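> Mind having a look at this structure? Questions to follow.
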Protein chains: 2
Amino acid sequence: MNKVLRLNSRDKNILVKTPIMASLGQASLARMLDLAAAVSFEARDILFREGEHADVFYCVLSGYVRLYRLNKDGREADIRICGPGDSFAECLLYLGPNYRYNAQAAEGVTLARFDLAKVRAAAEQDVEISRAIMQALATHLLTTMDCVANDRLQTAPQRVAHFLLTSCPKEGTSASIRLPFQKSLLAGKLGLAPEALSRAFSTLRRAGVTVRGRLIQISDINALKQI
Amino acid sequence: MNKVLRLNSRDKNILVKTPIMASLGQASLARMLDLAAAVSFEARDILFREGEHADVFYCVLSGYVRLYRLNKDGREADIRICGPGDSFAECLLYLGPNYRYNAQAAEGVTLARFDLAKVRAAAEQDVEISRAIMQALATHLLTTMDCVANDRLQTAPQRVAHFLLTSCPKEGTSASIRLPFQKSLLAGKLGLAPEALSRAFSTLRRAGVTVRGRLIQISDINALKQI
DNA sequence: GGCGCGGATTGATTTCGATCAAAGGAAACC
DNA sequence: GGTTTCCTTTGATCGAAATCAATCCGCGCC
């Protein structure tokens with residue numbers, strides 16, 4: 001970790017728009033902002049490891065964080081990729097004392113850091129905060145259930161198509177997307193090896209998907225939906 | 001659905017011990033019990049379908065409920081198997097108006113049914129209820145994240161071994177377990193086809209696992225942990 | 001604008017689990 | 001208790017993705 005600071009006004013602006021904060025009124029928002037500290041990590045830094053005692057949770061301001069597990073051979077599997085606005089480890093507000101997965105900066109990141117105990121106390125007194133946390137938890141739960149279902153039901157090209165469709169504008173027949181992160185990270189997010197992602201992209205070429213670095217052109221959105 | 005009734009005293013006793021209720025004090029408990037209705041379903045009955053408007057959530061009193069998704073070919077994948085004490089669809093207390101997956105009775109089940117709007121109102125006024133729901137959500141979230149990690153990291157025999165280890169007493173070197181449900185349901189829960197579960201069991205034979213119907217003998221718990 | 005590095009792609013092979021098909025066995029029903 | 005039905009197991013084959021290895025190329029750096 002690099003430094004711990006009070007949030008600057010740019011960070012505050014980002015934080016205020018995150019799902020966990022956006023629903024808060026004036027007073028609750030101020031209370032939460034008061035508890036937030038800005039921290040930053042370099043690419044590949046480990047934020048915390050599975051089993052460590054958990055004191056804080058985070059909300060991403062910029063960059064991406066990888067949440068992952070290890071099997072006993074040391075192989076890694078991503079559980080979630082958190083980008084700007086995503087919070088993680090907030091579920092520990094109401095559970096056991098230890099982190100349940102590893103967190104690593106996938107690139108340089110800035111985060112808002114919250115003390116679990118202090119937020120717990122704030123939530124006790126402030127129903128709005130409590131409700132915002134619940135909403136975040138409920139959203140994460142559904143997202144994670146989606147993830148299980150997708151892993152179990154969809155092939156690699158289907159997962160990629162689904163990702164592309166959720167990250168391009170709804171209207172129009174064509175679209176172009178700039179991936180917000182490395183393909184290897186996307187592969188992990190989709191539960192694929194990088195090679196499998198690459199092959200999935202080339203399968204999707206016949207459905208009108210063109211890839212050039214991080215730039216992805218979709219010529220026919222409806223065709224993608226048929227995959 | 002068969003019938004809707006006030007809970008009888010046996011059902012109440014079960015409900016009171018479920019994770020979502022166990023932490024409640026006298027008053028909160030009474031409030032929740034007052035909102036609960038007993039319902040029962042026959043094996044294979046559909047409780048609700050993905051996309052339907054959601055008015056209620058459930059807590060299992062007896063039997064097992066399958067939460068699952070369909071892909072567009074009609075293939076099914078289980079997301080979660082809910083047994084006695086498990087609640088499901090409570091995440092909709094704080095989210096969109098529709099169910100996000102299908103729910104089916106895997107066998108004859110009895111459930112406590114809760115009106116979402118009424119519980120929402122009760123949670124507004126009662127921090128204890130609100131906290132109990134949060135705990136349930138947080139627990140489900142972690143469980144589901146575990147599920148993603150296991151799917152992505154573990155082979156079929158490893159998943160089965162893991163299941164056996166979590167459902168047998170911690171102490172001792174040997175154990176015997178009676179599966180609480182059909183093997184096909186276990187297969188779905190572990191994200192496997194029934195044939196794959198069967199083969200996983202026969203792989204585990206060399207690790208001292210003997211299967212006879214629903215009865216499973218584990219001769220060496222430590223050997224299982226090495227799988 | 002060229003150089004070099006790390007991520008990305010492509011190919012070959014292997015492995016794991018799904019699927020299809022058929023036989024064996026357990027449990028429910030009469 | 002016997003019969004019937006559905007579940008489970010076993011075998012054979014297929015397919016998808018992981019893995020290993022080598023090349024390619026985009027990107028950051030100088």
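Quick note on naming: the chains in the structure tokens go A, B, ... in the order shown, residues restart at 1 in each chain, and ligands are numbered from 1 in order of appearance.
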Near chain B, which residues of chain D fall within 10 Å when you count only C-alpha atoms (C1' of nucleotides), and what do they look like as a PDB file with C-alpha atoms (C1' of nucleotides), in the first residue's frame?

ATOM      1  C1'  DC D   7     -32.839 -43.515  -9.947  1.00  0.00           C
ATOM      2  C1'  DT D   8     -28.247 -44.854 -10.395  1.00  0.00           C
ATOM      3  C1'  DT D   9     -24.412 -46.975 -12.345  1.00  0.00           C
ATOM      4  C1'  DT D  10     -21.460 -48.394 -16.056  1.00  0.00           C
TER       5       DT D  10
END
> Among segment 5-225 of chain A, which residues does DSSP mark as strand (DSSP E or B) when it is run on the backbone? Keep the chain and numbering as in the structure and answer as a VMD selection string.
chain A and resid 5 37 to 41 46 to 48 53 56 to 62 65 to 70 76 to 82 87 to 88 98 102 to 105 109 to 115 175 to 178 209 to 212 215 to 218
> Could you give me, as CSV, every chain C residue with an atom at most 9 Å from chain B, plus its closest atom pair and distance in Å to one decimal, counting only C-alpha atoms (C1' of nucleotides), rows ordered by chain then number?

residue,atom,partner,partner_atom,distance
C:DC16,C1',B:Thr155,CA,8.0
C:DG17,C1',B:Ala196,CA,6.7
C:DA18,C1',B:Ala193,CA,7.2
C:DA26,C1',B:Gly213,CA,7.1
> Using only C-alpha atoms, I'd like a table of the residues in chain A that come within 7 Å of chain B; for each, show the closest atom pair and its distance in Å rounded to one decimal, ordered by chain and ascending number, as a Markdown table.

| residue | atom | partner | partner_atom | distance |
| --- | --- | --- | --- | --- |
| A:Arg69 | CA | B:Ala149 | CA | 6.4 |
| A:Asn71 | CA | B:Leu153 | CA | 6.2 |
| A:Ala77 | CA | B:Arg152 | CA | 6.2 |
| A:Ile79 | CA | B:Ala149 | CA | 6.1 |
| A:Cys91 | CA | B:Ala138 | CA | 4.9 |
| A:Tyr94 | CA | B:Gln135 | CA | 5.5 |
| A:Leu95 | CA | B:Gln135 | CA | 6.9 |
| A:Met134 | CA | B:Met134 | CA | 6.0 |
| A:Gln135 | CA | B:Tyr94 | CA | 5.5 |
| A:Leu137 | CA | B:Leu137 | CA | 6.4 |
| A:Ala138 | CA | B:Cys91 | CA | 4.9 |
| A:Leu141 | CA | B:Leu141 | CA | 4.9 |
| A:Thr144 | CA | B:Thr144 | CA | 6.4 |
| A:Met145 | CA | B:Ile79 | CA | 6.4 |
| A:Val148 | CA | B:Val148 | CA | 5.7 |
| A:Ala149 | CA | B:Ile79 | CA | 6.1 |
| A:Arg152 | CA | B:Ala77 | CA | 6.2 |
| A:Leu153 | CA | B:Asn71 | CA | 6.2 |
| A:Gly191 | CA | B:Arg152 | CA | 6.6 |
> Let me make sure I understand: among A:Arg120, A:Arg31, A:Arg159, A:Lys17, which one has the smallest atom-to-atom distance to Asp55 of chain A if we use only C-alpha atoms?
A:Arg120
> Assign secondary structure with DSSP using the backbone only, and return the residues of segment 169-216 of chain B in helix (DSSP H, G or I) as a list in words.
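DSSP-assigned helix (DSSP H, G or I) residues in segment 169-216 of chain B: Lys183, Ser184, Leu185, Leu186, Ala187, Gly188, Lys189, Pro194, Glu195, Ala196, Leu197, Ser198, Arg199, Ala200, Phe201, Ser202, Thr203, Leu204 and Arg205 of chain B.
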> Could you write those residues out with N, CA and C atoms, as a CSV table (one decimal), in the first residue's frame?

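Written file, again.csv:
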chain,number,residue,atom,x,y,z
B,183,LYS,N,-29.2,-38.5,-5.1
B,183,LYS,CA,-27.9,-38.2,-5.7
B,183,LYS,C,-28.0,-37.2,-6.9
B,184,SER,N,-29.1,-37.3,-7.6
B,184,SER,CA,-29.2,-36.4,-8.8
B,184,SER,C,-29.2,-35.0,-8.3
B,185,LEU,N,-29.8,-34.8,-7.1
B,185,LEU,CA,-29.9,-33.4,-6.6
B,185,LEU,C,-28.5,-33.0,-6.1
B,186,LEU,N,-27.8,-33.9,-5.5
B,186,LEU,CA,-26.4,-33.6,-5.1
B,186,LEU,C,-25.6,-33.2,-6.3
B,187,ALA,N,-25.8,-34.0,-7.4
B,187,ALA,CA,-25.0,-33.7,-8.6
B,187,ALA,C,-25.3,-32.3,-9.1
B,188,GLY,N,-26.5,-31.9,-9.1
B,188,GLY,CA,-26.9,-30.6,-9.5
B,188,GLY,C,-26.2,-29.5,-8.6
B,189,LYS,N,-26.3,-29.8,-7.3
B,189,LYS,CA,-25.7,-28.8,-6.4
B,189,LYS,C,-24.3,-28.6,-6.6
B,194,PRO,N,-25.4,-36.3,-13.2
B,194,PRO,CA,-25.5,-37.4,-12.3
B,194,PRO,C,-24.4,-38.5,-12.6
B,195,GLU,N,-24.1,-38.7,-13.9
B,195,GLU,CA,-23.1,-39.7,-14.2
B,195,GLU,C,-21.7,-39.3,-13.7
B,196,ALA,N,-21.5,-38.0,-13.7
B,196,ALA,CA,-20.2,-37.5,-13.2
B,196,ALA,C,-20.1,-37.7,-11.7
B,197,LEU,N,-21.2,-37.5,-11.0
B,197,LEU,CA,-21.2,-37.7,-9.6
B,197,LEU,C,-20.9,-39.2,-9.3
B,198,SER,N,-21.6,-40.0,-10.0
B,198,SER,CA,-21.4,-41.5,-9.8
B,198,SER,C,-19.9,-41.8,-10.0
B,199,ARG,N,-19.3,-41.3,-11.1
B,199,ARG,CA,-17.9,-41.6,-11.4
B,199,ARG,C,-17.0,-41.0,-10.3
B,200,ALA,N,-17.4,-39.9,-9.8
B,200,ALA,CA,-16.6,-39.3,-8.8
B,200,ALA,C,-16.6,-40.1,-7.5
B,201,PHE,N,-17.7,-40.7,-7.2
B,201,PHE,CA,-17.8,-41.6,-6.0
B,201,PHE,C,-16.9,-42.8,-6.2
B,202,SER,N,-16.9,-43.3,-7.5
B,202,SER,CA,-16.1,-44.5,-7.7
B,202,SER,C,-14.6,-44.2,-7.6
B,203,THR,N,-14.3,-43.0,-8.1
B,203,THR,CA,-12.9,-42.5,-7.9
B,203,THR,C,-12.5,-42.4,-6.4
B,204,LEU,N,-13.5,-42.0,-5.6
B,204,LEU,CA,-13.2,-41.8,-4.2
B,204,LEU,C,-13.1,-43.2,-3.4
B,205,ARG,N,-13.5,-44.2,-4.1
B,205,ARG,CA,-13.5,-45.5,-3.5
B,205,ARG,C,-12.0,-45.8,-3.0
> Which residues, written as a list in words, have at least one atom at most 9 Å from DC24 of chain D, with only C-alpha atoms (C1' of nucleotides) counted and residues fewer than 3 positions away on the same chain left out?
DA8, DT9 and DT10 of chain C
> Write to file, as a compact mmCIF listing (two decimals), in the first residue's frame, the residues of the selection just made, with C-alpha atoms (C1' of nucleotides).

# COMPACT_ATOMS: atom_id res chain seq x y z
C1' DA C 8 -1.98 -12.18 -26.81
C1' DT C 9 -2.60 -15.51 -30.34
C1' DT C 10 -2.14 -19.89 -32.60
> Name all residues at most 12 Å from Cys82 of chain A (count only C-alpha atoms (C1' of nucleotides); drop same-chain ones fewer than 2 positions away) and give them as an MDAnalysis selection string.
chainID A and resid 58:68 78:80 84:89 103:107 109:111 140 180:181 185:186 189
> Could you check the closest approach to Ala161 of chain B for each of B:Lys118, B:Ile129, B:Ile218, B:Ala22 and tell me which residue wins, using only C-alpha atoms?
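Using only C-alpha atoms, the shortest distance to Ala161 of chain B belongs to B:Ile218.
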> Please indicate the distance in Å from atom CA of Asp220 of chain B to atom CA of Gly208 of chain B, rounded to one decimal place.
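Separation between atom CA of Asp220 of chain B and atom CA of Gly208 of chain B: 6.1 Å.
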> Report as a ChimeraX atom specification all protein, DNA and RNA residues lying within 12 Å of Ser167 of chain A, evaluated on only C-alpha atoms (C1' of nucleotides), omitting residues in the same chain fewer than 2 positions from it.
/A:160-165,169-170,175-180,216,218,221
